[in-house]
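What follows is one structure encoded as structure tokens, with my remarks underneath.
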Amino acid sequence: MSIPRHWREIPRRYRLEAGKCKKCKVINFPSRLVCPECGGKTFETVKLSGKGKLDTFTIIRVAPEGFGDEVPYAVGIIDLKDGVRLMAQITDCDPTTLKTGDKLVAKFRKVQEDGKNGIIKYGYKFVPDVGV
Amino acid sequence: MRDVAIVGVGLMKWGELWEKSIRDLCVEAALSCFEDAGNDKIDSIVVGTMASGLLTGQEHMANMVPDYLGKKHVPAMRVESACCSGSQAVRTAFMEVASGMSDCVLALGVEKMTDVSGNDATYALATASDQEFEAFHGVTFPGLYAMMARKHMEQYGTTREQLAEVSSKNHRNGSLNPHAQYPFPMTREQVMNSTLVADPLRLMDCSPITDGAAAVLLVPATDAKKYKKHGMVVISGVGHATDTIALCQRKDMLKMEAVTLAAKAALKMAGKTIKDVNFAEVHDCFTIAEIMIMEALGIVKPGQGGPATLKGLTALEGKFPVNPSGGLKSKGHPVGATGVAQICEAVYQLRGEAGKRQVKNAKVGLTQNMGGTGGTSVVHILEAK
Amino acid sequence: MVGISGYGTQIPRYRIKVEEIAKVWGTDAPAYRRGMNLNEKSVPAPDEDVGTLSVNAAYNALARSGIAPKDIGAVYVGSESHPYAVKPTGTMVAEAIGACPHVHTASLEFACKAGTEGMFIGTQMVQAGRVANVLAIGADTSQGAPGDALEYSAAAGAAAFVISTKNIVAELLDTDCYMTDTPDFWRRPYSHYPAHGGRFTGEPAYFKHVEGATNAMLARAKMKPSDFDYVIFHQPNGKFPVVVAKKLGFKEPQYRHGLLTPVLGNTYSGSSPLGLAATLDEAKPGQLILLVSYGSGAGSDAFIFKTTKRLLEVRDLAPRVRKQLDEHKYYLEYGQYAKNRGKILRAE
């Protein structure tokens, strides 16, 4: 699997960096070259809070290659306080007890590995916001 | 713009077609279409396939198809919009004929999905989502639609039974379709007891992995009488719209805006409203998709897709039959072929050639094909003339 | 003044009890509880490794330090279970916190002592004025061979410390160390599990070096055990640190806050650093703390810290160790544990 594709996304995946449109102030994650809200083309890099609520989710029982060992695992859409919505895995929980509206917080985790000999791809996942 | 008629349709029985290669599928569908039209003289070919490269190793299908069809030197192109590739091929062929650039265009959709492992097919399908911000996180297509299903259930009270009825109804229709991959009935209980794939969606909420192709032949309406005698069917409306590729970027993920906008454009072009439509072939890649599409098309109000399905609105004998062919669920879903096959079904219905699954008084049909989680949608309006 | 400006930890949510391991190998669980003072240990989630534990601990340390990530001049990660045999962990941590590219990083390894090595080097660098702030981390997801005595203790966790000249919560008063070449525990290249010298790991290894470093430190600082409010020794099990503490003249109230192994297991490079973090969670301003690590091979680093008033101001800016240790735990059965830890032979 592609190393440059992952490496290029490190600012997003490791640090939750987003682009705040200088014109309309909307925060875009991932950052873009053209603001989808106002067409603005200048942005300020901002770091997302990593705190939010679970909007909707599913529990993956039949996983894509590379994720099979982790089933059942939850993937959801998280509404961040910054007004951004993103998709991520929800880890450190019993996925069957998750509920929409649950408070979540971002953590740095392994997301994928290219087999035993390839690179490890790290990034954000979310966990229940229980202060641990 | 010239009016465009469909003078030939070509299908085959879909399924896990181990003996057939992607080139066999293309040629078989095209020859069947030529047979139906009584003509094989074509000016141009448009091929729709989502992932021939990932699934069979073969790109350049725009060269493969004319070559193996015995149409060397005929111009051909390939179009791609994930699972919406088939109807993009029809739309492109329509534009070619309507513009006056060509007088007889073959639109062909194909997908050969069983040459790779299930894992590899899943990977190829997932390329229709946002690779870096959705697929990267281990979400599958059933997973993406499951998120919509959960939200729909929580927001509108849609039930598991209503979802199951979509599948059950489509299997009832598909059991009457000789081309269907799984032509057998399926009870709601069977759907609700099938294996969980991505909560709350189960295996029988999901369309299958299918090998198949479909073809249609488009000509100017004024030329239609030159071809084999069928009831004449014209494409009176075409609409196409896009939305965000990532599901989480939608303001309201339960509103399939690309579907609504494509339908609005197609109906406007045809000078119709949804009330004038007698039946629809829609993209039920998952049960929840059919419910949301019904709502997006305006067949029912938002939130009413589930209850209306359970009450039989969309059954073959209902007031607004949806997916008389059996839909993607029963007929199969060779992704690039699906959009073309929807057109084929509409033509069968409008010609009155749909046999046991014939919709009564079918004069105006709508087809709705979709890519990704609704990021692309194409709607066609077809009319019997 | 040089010292710790912020500290933070990360402990996985998963645990396995000694009974669950003993059941599989037919051993005597009560003996591990009584003899080694081990009850349960942390187990990393399948998506956790030294990189992730380090980064999450670093976020907590930075939150307490109030130091901007771009002002971190060096990142040192000590571990015997770095995610890669070749490829630094420190670059990942530095990138995740936003310290790149004007930063020095190194992956350190010295069995269980690798964690305090970063603190040792980092404090000297800050003292020398070469960099303003250093992030020093001790982290491990250590593996004991199935059925080996180490399997009952080998655990996962990380502690991170920001070493600075400002925002100090615990001033560094002095350091010392004590090393000899003693092969009590090792892992050869390409070996999955470490090997050890059994009882040889005790007297000539752990005790000799921990006592040696402690005595050297006390002599150098002209202090005695009773001068300290707290003491933390490396804790490979729940027994050794208690034995050495008593032998050296320390009392239970001095070591109990930092003694985590009975319910955490041995987090190797994270072991004594996590003990220090747990102690900082409890200490009052103006108190003296002695930290003595131990790493097989063998050696000990010793540190004397004095807490400041700022400790109370920043303590609640990140989760406390006992909260991470005691709350929201998920207990694993041996089968799940073996799967998560890669102990099951799989098809290629």
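Please note that chains go A, B, ... in the order of the structure tokens, that every chain numbers its residues from 1, and that ligands are numbered from 1 in the order shown.
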I'd like to know which residues of range 93-318 of chain B are strand (DSSP E or B) (by DSSP, run on the backbone); could you write them as a compact mmCIF listing (two decimals) with all heavy atoms, in the first residue's frame?
```txt
# COMPACT_ATOMS: atom_id res chain seq x y z
N VAL B 105 -25.77 4.56 -31.14
CA VAL B 105 -24.72 4.40 -30.11
C VAL B 105 -25.08 3.26 -29.17
O VAL B 105 -26.21 3.15 -28.69
CB VAL B 105 -24.53 5.70 -29.31
CG1 VAL B 105 -23.43 5.53 -28.27
CG2 VAL B 105 -24.21 6.86 -30.24
N LEU B 106 -24.10 2.40 -28.94
CA LEU B 106 -24.27 1.31 -27.99
C LEU B 106 -23.76 1.77 -26.62
O LEU B 106 -22.60 2.18 -26.50
CB LEU B 106 -23.45 0.09 -28.44
CG LEU B 106 -23.50 -1.13 -27.52
CD1 LEU B 106 -24.86 -1.82 -27.60
CD2 LEU B 106 -22.38 -2.11 -27.86
N ALA B 107 -24.64 1.72 -25.61
CA ALA B 107 -24.22 1.98 -24.23
C ALA B 107 -24.17 0.65 -23.52
O ALA B 107 -25.16 -0.08 -23.51
CB ALA B 107 -25.19 2.93 -23.54
N LEU B 108 -23.00 0.34 -22.96
CA LEU B 108 -22.81 -0.98 -22.37
C LEU B 108 -22.25 -0.84 -20.96
O LEU B 108 -21.33 -0.05 -20.74
CB LEU B 108 -21.82 -1.75 -23.26
CG LEU B 108 -21.60 -3.22 -22.94
CD1 LEU B 108 -21.47 -4.00 -24.24
CD2 LEU B 108 -20.35 -3.44 -22.11
N GLY B 109 -22.85 -1.56 -20.04
CA GLY B 109 -22.35 -1.55 -18.67
C GLY B 109 -21.88 -2.94 -18.30
O GLY B 109 -22.50 -3.93 -18.70
N VAL B 110 -20.79 -3.02 -17.56
CA VAL B 110 -20.26 -4.34 -17.21
C VAL B 110 -19.52 -4.30 -15.88
O VAL B 110 -18.94 -3.28 -15.51
CB VAL B 110 -19.30 -4.87 -18.32
CG1 VAL B 110 -18.05 -4.00 -18.42
CG2 VAL B 110 -18.93 -6.33 -18.10
N GLU B 111 -19.58 -5.42 -15.16
CA GLU B 111 -18.65 -5.63 -14.05
C GLU B 111 -18.46 -7.12 -13.89
O GLU B 111 -19.42 -7.90 -13.87
CB GLU B 111 -19.18 -5.02 -12.74
CG GLU B 111 -18.08 -4.40 -11.89
CD GLU B 111 -17.50 -3.11 -12.48
OE1 GLU B 111 -18.26 -2.14 -12.65
OE2 GLU B 111 -16.29 -3.10 -12.79
N LEU B 196 -25.43 -10.50 10.85
CA LEU B 196 -25.13 -9.07 10.96
C LEU B 196 -23.86 -8.77 10.17
O LEU B 196 -22.85 -9.47 10.32
CB LEU B 196 -24.89 -8.69 12.43
CG LEU B 196 -26.06 -8.11 13.20
CD1 LEU B 196 -25.66 -7.94 14.67
CD2 LEU B 196 -26.53 -6.78 12.65
N VAL B 197 -23.92 -7.74 9.35
CA VAL B 197 -22.75 -7.34 8.57
C VAL B 197 -22.19 -6.03 9.15
O VAL B 197 -20.99 -5.91 9.41
CB VAL B 197 -23.12 -7.16 7.08
CG1 VAL B 197 -21.97 -6.53 6.30
CG2 VAL B 197 -23.49 -8.50 6.48
N ALA B 198 -23.07 -5.07 9.34
CA ALA B 198 -22.70 -3.78 9.94
C ALA B 198 -23.98 -3.27 10.61
O ALA B 198 -24.88 -2.84 9.91
CB ALA B 198 -22.19 -2.80 8.89
N LEU B 201 -27.47 -3.28 9.74
CA LEU B 201 -27.71 -3.98 8.48
C LEU B 201 -27.20 -5.41 8.52
O LEU B 201 -26.13 -5.68 9.07
CB LEU B 201 -27.07 -3.23 7.31
CG LEU B 201 -27.63 -1.83 7.01
CD1 LEU B 201 -26.95 -1.24 5.77
CD2 LEU B 201 -29.15 -1.85 6.82
N ARG B 202 -28.00 -6.28 7.92
CA ARG B 202 -27.66 -7.71 7.87
C ARG B 202 -27.39 -8.12 6.44
O ARG B 202 -27.66 -7.36 5.50
CB ARG B 202 -28.81 -8.52 8.48
CG ARG B 202 -28.95 -8.25 9.97
CD ARG B 202 -30.20 -8.86 10.57
NE ARG B 202 -30.27 -8.56 11.99
CZ ARG B 202 -29.73 -9.32 12.95
NH1 ARG B 202 -29.12 -10.45 12.64
NH2 ARG B 202 -29.81 -8.97 14.21
N CYS B 206 -28.22 -6.41 1.99
CA CYS B 206 -27.15 -5.97 1.09
C CYS B 206 -27.29 -6.60 -0.29
O CYS B 206 -27.58 -7.80 -0.40
CB CYS B 206 -25.78 -6.37 1.64
SG CYS B 206 -25.51 -5.88 3.35
N ASP B 211 -21.52 -11.01 -11.36
CA ASP B 211 -20.93 -10.82 -12.69
C ASP B 211 -22.08 -10.53 -13.64
O ASP B 211 -23.10 -11.24 -13.61
CB ASP B 211 -20.26 -12.10 -13.19
CG ASP B 211 -19.12 -12.55 -12.30
OD1 ASP B 211 -18.45 -11.68 -11.71
OD2 ASP B 211 -18.90 -13.77 -12.19
N GLY B 212 -21.90 -9.55 -14.50
CA GLY B 212 -22.96 -9.30 -15.46
C GLY B 212 -22.67 -8.11 -16.34
O GLY B 212 -21.78 -7.31 -16.06
N ALA B 213 -23.44 -8.03 -17.40
CA ALA B 213 -23.36 -6.90 -18.32
C ALA B 213 -24.75 -6.60 -18.82
O ALA B 213 -25.67 -7.43 -18.71
CB ALA B 213 -22.41 -7.21 -19.48
N ALA B 214 -24.93 -5.41 -19.37
CA ALA B 214 -26.20 -5.00 -19.96
C ALA B 214 -25.90 -3.98 -21.04
O ALA B 214 -24.89 -3.27 -20.96
CB ALA B 214 -27.10 -4.37 -18.89
N ALA B 215 -26.75 -3.95 -22.07
CA ALA B 215 -26.49 -3.03 -23.17
C ALA B 215 -27.80 -2.45 -23.68
O ALA B 215 -28.85 -3.09 -23.62
CB ALA B 215 -25.77 -3.75 -24.30
N VAL B 216 -27.72 -1.21 -24.17
CA VAL B 216 -28.88 -0.59 -24.83
C VAL B 216 -28.38 0.12 -26.08
O VAL B 216 -27.22 0.55 -26.15
CB VAL B 216 -29.61 0.43 -23.91
CG1 VAL B 216 -30.25 -0.27 -22.72
CG2 VAL B 216 -28.69 1.54 -23.44
N LEU B 217 -29.28 0.23 -27.07
CA LEU B 217 -28.91 0.87 -28.33
C LEU B 217 -29.76 2.12 -28.51
O LEU B 217 -31.00 2.05 -28.46
CB LEU B 217 -29.16 -0.12 -29.49
CG LEU B 217 -28.42 0.18 -30.79
CD1 LEU B 217 -26.91 0.12 -30.60
CD2 LEU B 217 -28.85 -0.83 -31.87
N LEU B 218 -29.09 3.26 -28.68
CA LEU B 218 -29.78 4.55 -28.75
C LEU B 218 -29.69 5.12 -30.18
O LEU B 218 -28.60 5.14 -30.76
CB LEU B 218 -29.16 5.53 -27.76
CG LEU B 218 -29.70 5.52 -26.32
CD1 LEU B 218 -29.63 4.16 -25.69
CD2 LEU B 218 -28.98 6.54 -25.48
N VAL B 219 -30.83 5.61 -30.65
CA VAL B 219 -30.87 6.22 -31.99
C VAL B 219 -31.77 7.45 -31.92
O VAL B 219 -32.55 7.60 -30.97
CB VAL B 219 -31.44 5.23 -33.05
CG1 VAL B 219 -30.62 3.95 -33.09
CG2 VAL B 219 -32.91 4.93 -32.78
N PRO B 220 -31.72 8.33 -32.91
CA PRO B 220 -32.68 9.44 -32.93
C PRO B 220 -34.10 8.88 -33.04
O PRO B 220 -34.32 7.89 -33.77
CB PRO B 220 -32.31 10.21 -34.20
CG PRO B 220 -30.95 9.73 -34.59
CD PRO B 220 -30.81 8.36 -34.07
N VAL B 233 -39.83 3.26 -27.29
CA VAL B 233 -39.53 3.85 -25.99
C VAL B 233 -38.52 4.97 -26.18
O VAL B 233 -37.50 4.79 -26.86
CB VAL B 233 -38.95 2.79 -25.02
CG1 VAL B 233 -38.53 3.43 -23.70
CG2 VAL B 233 -39.96 1.67 -24.77
N VAL B 234 -38.83 6.13 -25.61
CA VAL B 234 -37.90 7.25 -25.71
C VAL B 234 -37.37 7.64 -24.33
O VAL B 234 -38.03 7.43 -23.31
CB VAL B 234 -38.52 8.51 -26.37
CG1 VAL B 234 -38.97 8.19 -27.80
CG2 VAL B 234 -39.69 9.03 -25.53
N ILE B 235 -36.17 8.20 -24.35
CA ILE B 235 -35.63 8.81 -23.12
C ILE B 235 -36.07 10.26 -23.18
O ILE B 235 -35.56 11.04 -23.98
CB ILE B 235 -34.10 8.69 -23.07
CG1 ILE B 235 -33.66 7.23 -23.04
CG2 ILE B 235 -33.55 9.43 -21.84
CD1 ILE B 235 -32.15 7.02 -23.04
N SER B 236 -37.02 10.60 -22.32
CA SER B 236 -37.55 11.97 -22.39
C SER B 236 -36.91 12.90 -21.36
O SER B 236 -37.05 14.11 -21.44
CB SER B 236 -39.06 11.96 -22.21
OG SER B 236 -39.39 11.36 -20.99
N GLY B 237 -36.19 12.31 -20.42
CA GLY B 237 -35.55 13.17 -19.41
C GLY B 237 -34.28 12.53 -18.88
O GLY B 237 -34.23 11.32 -18.66
N VAL B 238 -33.27 13.37 -18.70
CA VAL B 238 -32.02 12.91 -18.10
C VAL B 238 -31.60 13.94 -17.06
O VAL B 238 -31.57 15.13 -17.36
CB VAL B 238 -30.89 12.79 -19.16
CG1 VAL B 238 -29.62 12.22 -18.52
CG2 VAL B 238 -31.32 11.92 -20.33
N GLY B 239 -31.28 13.45 -15.89
CA GLY B 239 -30.79 14.36 -14.84
C GLY B 239 -29.60 13.75 -14.13
O GLY B 239 -29.51 12.53 -13.99
N HIS B 240 -28.72 14.61 -13.70
CA HIS B 240 -27.49 14.12 -13.08
C HIS B 240 -27.05 15.15 -12.06
O HIS B 240 -27.06 16.34 -12.34
CB HIS B 240 -26.42 13.94 -14.18
CG HIS B 240 -25.08 13.55 -13.66
ND1 HIS B 240 -23.92 13.87 -14.31
CD2 HIS B 240 -24.71 12.87 -12.55
CE1 HIS B 240 -22.89 13.39 -13.62
NE2 HIS B 240 -23.34 12.79 -12.56
N ALA B 241 -26.69 14.68 -10.88
CA ALA B 241 -26.19 15.61 -9.86
C ALA B 241 -25.19 14.90 -8.96
O ALA B 241 -25.15 13.67 -8.90
CB ALA B 241 -27.34 16.16 -9.03
N THR B 242 -24.38 15.70 -8.29
CA THR B 242 -23.39 15.15 -7.36
C THR B 242 -23.57 15.79 -5.98
O THR B 242 -24.30 16.77 -5.82
CB THR B 242 -21.95 15.41 -7.84
OG1 THR B 242 -21.77 16.83 -7.99
CG2 THR B 242 -21.67 14.72 -9.16
N PHE B 279 -43.80 3.74 -12.51
CA PHE B 279 -42.95 2.79 -11.77
C PHE B 279 -41.52 3.31 -11.78
O PHE B 279 -41.17 4.18 -12.59
CB PHE B 279 -42.99 1.39 -12.40
CG PHE B 279 -42.32 1.33 -13.74
CD1 PHE B 279 -40.99 0.94 -13.85
CD2 PHE B 279 -43.00 1.71 -14.91
CE1 PHE B 279 -40.36 0.91 -15.09
CE2 PHE B 279 -42.37 1.68 -16.14
CZ PHE B 279 -41.04 1.29 -16.24
N ALA B 280 -40.69 2.77 -10.88
CA ALA B 280 -39.29 3.19 -10.85
C ALA B 280 -38.38 2.00 -10.59
O ALA B 280 -38.73 1.07 -9.87
CB ALA B 280 -39.08 4.24 -9.76
N GLU B 281 -37.24 2.06 -11.25
CA GLU B 281 -36.13 1.15 -10.93
C GLU B 281 -35.13 2.00 -10.16
O GLU B 281 -34.61 2.99 -10.70
CB GLU B 281 -35.49 0.64 -12.23
CG GLU B 281 -36.23 -0.49 -12.89
CD GLU B 281 -36.08 -1.81 -12.14
OE1 GLU B 281 -34.94 -2.24 -11.89
OE2 GLU B 281 -37.11 -2.41 -11.79
N PHE B 286 -28.56 -1.21 -0.72
CA PHE B 286 -28.90 -1.67 0.63
C PHE B 286 -30.37 -1.31 0.85
O PHE B 286 -30.87 -0.36 0.22
CB PHE B 286 -28.01 -1.00 1.68
CG PHE B 286 -26.56 -1.30 1.45
CD1 PHE B 286 -25.77 -0.45 0.70
CD2 PHE B 286 -26.00 -2.48 1.93
CE1 PHE B 286 -24.44 -0.76 0.42
CE2 PHE B 286 -24.67 -2.81 1.66
CZ PHE B 286 -23.89 -1.95 0.91
```
Closest pair table for chain A residues within 6 Å of chain B, only C-alpha atoms, as a tab-separated table:
```
residue	atom	partner	partner_atom	distance
A:Thr56	CA	B:Met147	CA	5.6
A:Phe57	CA	B:Met147	CA	5.0
A:Thr58	CA	B:Asp199	CA	5.2
A:Ile59	CA	B:Ala198	CA	5.2
A:Ile60	CA	B:Ala198	CA	4.6
A:Arg61	CA	B:Val197	CA	5.0
A:Val62	CA	B:Val197	CA	5.4
A:Glu65	CA	B:Asn119	CA	5.8
A:Arg85	CA	B:Cys248	CA	5.8
A:Leu86	CA	B:Cys248	CA	5.7
A:Ala88	CA	B:His137	CA	5.8
```
With a cut-off of 6 Å, could you pull out the residues of chain C touching chain A and give me the nearest pair of atoms for each, distance in Å to one decimal, using only C-alpha atoms, ordered by chain and ascending number, as CSV?
```
residue,atom,partner,partner_atom,distance
C:Asp47,CA,A:Lys110,CA,4.8
C:Glu48,CA,A:Arg109,CA,5.9
C:Thr52,CA,A:Arg109,CA,5.3
C:Ala96,CA,A:Tyr14,CA,4.9
C:Pro319,CA,A:Val132,CA,5.7
C:Gln324,CA,A:Val132,CA,4.9
```
Kindly save the residues from that selection, with N, CA and C atoms included, as a CSV table (one decimal), in the first residue's frame.
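Just written: part.csv:
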```csv
chain,number,residue,atom,x,y,z
C,47,ASP,N,-4.9,-1.9,18.9
C,47,ASP,CA,-4.5,-0.7,18.2
C,47,ASP,C,-3.6,0.2,19.0
C,48,GLU,N,-3.0,-0.3,20.1
C,48,GLU,CA,-2.0,0.4,20.9
C,48,GLU,C,-0.7,-0.2,20.8
C,52,THR,N,1.7,4.9,20.3
C,52,THR,CA,0.4,5.5,20.7
C,52,THR,C,0.4,5.8,22.1
C,96,ALA,N,3.4,14.1,16.1
C,96,ALA,CA,2.0,14.1,16.6
C,96,ALA,C,1.8,15.3,17.5
C,319,PRO,N,-5.6,13.4,33.2
C,319,PRO,CA,-6.0,12.3,34.1
C,319,PRO,C,-4.9,11.9,35.1
C,324,GLN,N,-6.6,6.3,35.6
C,324,GLN,CA,-6.4,5.5,34.4
C,324,GLN,C,-6.2,4.0,34.8
```
Quick check, in Å to one decimal: how far apart do CA of Glu80 in chain B and CA of Gln58 in chain B lie?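 Taking CA of Glu80 in chain B and CA of Gln58 in chain B, their separation equals 14.2 Å.
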Using only C-alpha atoms, which protein or nucleic acid residues come within 12 Å of Thr158 in chain B? Drop anything in the same chain fewer than 4 positions from it, and give the result as a list of chain:residue names.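 Within the cut-off, the hits are B:Met148, B:Ala149, B:Arg150, B:Lys151, B:His152, B:Met153, B:Glu154, B:Gln162, B:Leu163, B:Ala164, B:Glu165, B:Pro200, B:Thr287, B:Ile288, B:Ile291, B:Met292, B:Pro302, B:Gly303, B:Gln304, B:Gly305, B:Gly306, B:Pro307, B:Ala308, B:Thr309, B:Leu310.
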To one decimal in Å, tell me the separation between CA of Val24 in chain C and CA of Glu333 in chain C.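 For CA of Val24 in chain C relative to CA of Glu333 in chain C, the distance reads 10.2 Å.
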DSSP on the backbone: which residues in range 77-279 of chain C end up as helix (DSSP H, G or I)? Give the answer as a PyMOL selection string. chain C and resi 90-97+114-127+149-152+198-221+225-227+240-248+252-255+261-264+268-279
Do a neighbour search on Tyr190 in chain C at 12 Å with only C-alpha atoms, toss out local chain neighbours closer than 4 positions, and write the hits as a ChimeraX atom specification. /C:84-85,194
For Cys33 in chain B, work out the shell of residues within 9 Å, counting only C-alpha atoms and skipping chain neighbours fewer than 2 positions away, then give it as a short mmCIF file (atom, residue, chain, number, x, y, z; two decimals) with all heavy atoms, in the first residue's frame.
```cif
data_model
loop_
_atom_site.label_atom_id
_atom_site.label_comp_id
_atom_site.auth_asym_id
_atom_site.auth_seq_id
_atom_site.Cartn_x
_atom_site.Cartn_y
_atom_site.Cartn_z
N VAL B 7 -33.82 1.46 -29.10
CA VAL B 7 -34.36 0.47 -30.04
C VAL B 7 -33.85 -0.93 -29.76
O VAL B 7 -34.25 -1.89 -30.43
CB VAL B 7 -34.05 0.86 -31.50
CG1 VAL B 7 -34.80 2.13 -31.87
CG2 VAL B 7 -32.55 1.03 -31.73
N GLY B 8 -32.97 -1.06 -28.79
CA GLY B 8 -32.49 -2.40 -28.46
C GLY B 8 -32.03 -2.47 -27.02
O GLY B 8 -31.47 -1.50 -26.50
N VAL B 9 -32.33 -3.59 -26.36
CA VAL B 9 -31.82 -3.84 -25.02
C VAL B 9 -31.23 -5.24 -24.99
O VAL B 9 -31.74 -6.15 -25.65
CB VAL B 9 -32.92 -3.70 -23.93
CG1 VAL B 9 -33.37 -2.25 -23.82
CG2 VAL B 9 -34.11 -4.60 -24.21
N GLY B 10 -30.16 -5.42 -24.21
CA GLY B 10 -29.52 -6.73 -24.12
C GLY B 10 -29.11 -7.05 -22.70
O GLY B 10 -28.46 -6.26 -22.04
N LEU B 11 -29.56 -8.19 -22.23
CA LEU B 11 -29.22 -8.66 -20.89
C LEU B 11 -28.87 -10.13 -20.96
O LEU B 11 -29.00 -10.78 -22.00
CB LEU B 11 -30.43 -8.48 -19.95
CG LEU B 11 -30.52 -7.20 -19.12
CD1 LEU B 11 -31.83 -7.17 -18.37
CD2 LEU B 11 -29.36 -7.11 -18.13
N GLU B 28 -21.56 -10.72 -25.01
CA GLU B 28 -22.86 -11.39 -24.90
C GLU B 28 -24.00 -10.37 -24.76
O GLU B 28 -25.03 -10.48 -25.42
CB GLU B 28 -22.84 -12.32 -23.69
CG GLU B 28 -23.85 -13.44 -23.80
CD GLU B 28 -23.73 -14.42 -22.63
OE1 GLU B 28 -22.62 -14.93 -22.37
OE2 GLU B 28 -24.77 -14.65 -21.99
N ALA B 29 -23.80 -9.36 -23.91
CA ALA B 29 -24.84 -8.34 -23.72
C ALA B 29 -25.05 -7.54 -25.00
O ALA B 29 -26.19 -7.25 -25.40
CB ALA B 29 -24.47 -7.42 -22.56
N ALA B 30 -23.94 -7.20 -25.66
CA ALA B 30 -24.04 -6.38 -26.87
C ALA B 30 -24.75 -7.16 -27.99
O ALA B 30 -25.62 -6.61 -28.68
CB ALA B 30 -22.64 -5.95 -27.31
N LEU B 31 -24.37 -8.43 -28.15
CA LEU B 31 -25.01 -9.23 -29.22
C LEU B 31 -26.50 -9.40 -28.95
O LEU B 31 -27.32 -9.35 -29.87
CB LEU B 31 -24.33 -10.60 -29.34
CG LEU B 31 -22.88 -10.58 -29.85
CD1 LEU B 31 -22.32 -12.00 -29.93
CD2 LEU B 31 -22.78 -9.88 -31.21
N GLU B 35 -29.46 -8.18 -31.40
CA GLU B 35 -30.53 -9.10 -31.77
C GLU B 35 -31.90 -8.45 -31.52
O GLU B 35 -32.80 -8.50 -32.34
CB GLU B 35 -30.36 -10.40 -30.96
CG GLU B 35 -31.53 -11.37 -31.00
CD GLU B 35 -31.80 -11.93 -32.39
OE1 GLU B 35 -30.84 -11.96 -33.19
OE2 GLU B 35 -32.97 -12.30 -32.67
N ASP B 36 -31.99 -7.83 -30.34
CA ASP B 36 -33.25 -7.19 -29.96
C ASP B 36 -33.60 -6.04 -30.91
O ASP B 36 -34.77 -5.83 -31.25
CB ASP B 36 -33.12 -6.66 -28.53
CG ASP B 36 -34.42 -6.08 -27.99
OD1 ASP B 36 -35.38 -6.87 -27.84
OD2 ASP B 36 -34.47 -4.86 -27.74
N ALA B 37 -32.56 -5.33 -31.38
CA ALA B 37 -32.79 -4.18 -32.26
C ALA B 37 -32.90 -4.58 -33.72
O ALA B 37 -33.39 -3.81 -34.54
CB ALA B 37 -31.64 -3.17 -32.09
N GLY B 38 -32.40 -5.77 -34.04
CA GLY B 38 -32.34 -6.17 -35.43
C GLY B 38 -31.33 -5.33 -36.19
O GLY B 38 -31.49 -5.07 -37.39
N ASN B 39 -30.28 -4.92 -35.52
CA ASN B 39 -29.28 -4.06 -36.16
C ASN B 39 -27.97 -4.17 -35.40
O ASN B 39 -27.95 -4.21 -34.17
CB ASN B 39 -29.75 -2.60 -36.11
CG ASN B 39 -28.61 -1.65 -36.50
OD1 ASN B 39 -28.13 -1.70 -37.63
ND2 ASN B 39 -28.19 -0.81 -35.57
N ASP B 40 -26.87 -4.23 -36.11
CA ASP B 40 -25.58 -4.20 -35.43
C ASP B 40 -24.65 -3.15 -36.04
O ASP B 40 -23.45 -3.16 -35.80
CB ASP B 40 -24.91 -5.57 -35.40
CG ASP B 40 -24.43 -6.01 -36.78
OD1 ASP B 40 -24.78 -5.32 -37.78
OD2 ASP B 40 -23.72 -7.02 -36.85
N LEU B 106 -24.10 2.40 -28.94
CA LEU B 106 -24.27 1.31 -27.99
C LEU B 106 -23.76 1.77 -26.62
O LEU B 106 -22.60 2.18 -26.50
CB LEU B 106 -23.45 0.09 -28.44
CG LEU B 106 -23.50 -1.13 -27.52
CD1 LEU B 106 -24.86 -1.82 -27.60
CD2 LEU B 106 -22.38 -2.11 -27.86
N ALA B 214 -24.93 -5.41 -19.37
CA ALA B 214 -26.20 -5.00 -19.96
C ALA B 214 -25.90 -3.98 -21.04
O ALA B 214 -24.89 -3.27 -20.96
CB ALA B 214 -27.10 -4.37 -18.89
N ALA B 215 -26.75 -3.95 -22.07
CA ALA B 215 -26.49 -3.03 -23.17
C ALA B 215 -27.80 -2.45 -23.68
O ALA B 215 -28.85 -3.09 -23.62
CB ALA B 215 -25.77 -3.75 -24.30
N VAL B 216 -27.72 -1.21 -24.17
CA VAL B 216 -28.88 -0.59 -24.83
C VAL B 216 -28.38 0.12 -26.08
O VAL B 216 -27.22 0.55 -26.15
CB VAL B 216 -29.61 0.43 -23.91
CG1 VAL B 216 -30.25 -0.27 -22.72
CG2 VAL B 216 -28.69 1.54 -23.44
N LEU B 217 -29.28 0.23 -27.07
CA LEU B 217 -28.91 0.87 -28.33
C LEU B 217 -29.76 2.12 -28.51
O LEU B 217 -31.00 2.05 -28.46
CB LEU B 217 -29.16 -0.12 -29.49
CG LEU B 217 -28.42 0.18 -30.79
CD1 LEU B 217 -26.91 0.12 -30.60
CD2 LEU B 217 -28.85 -0.83 -31.87
#
```
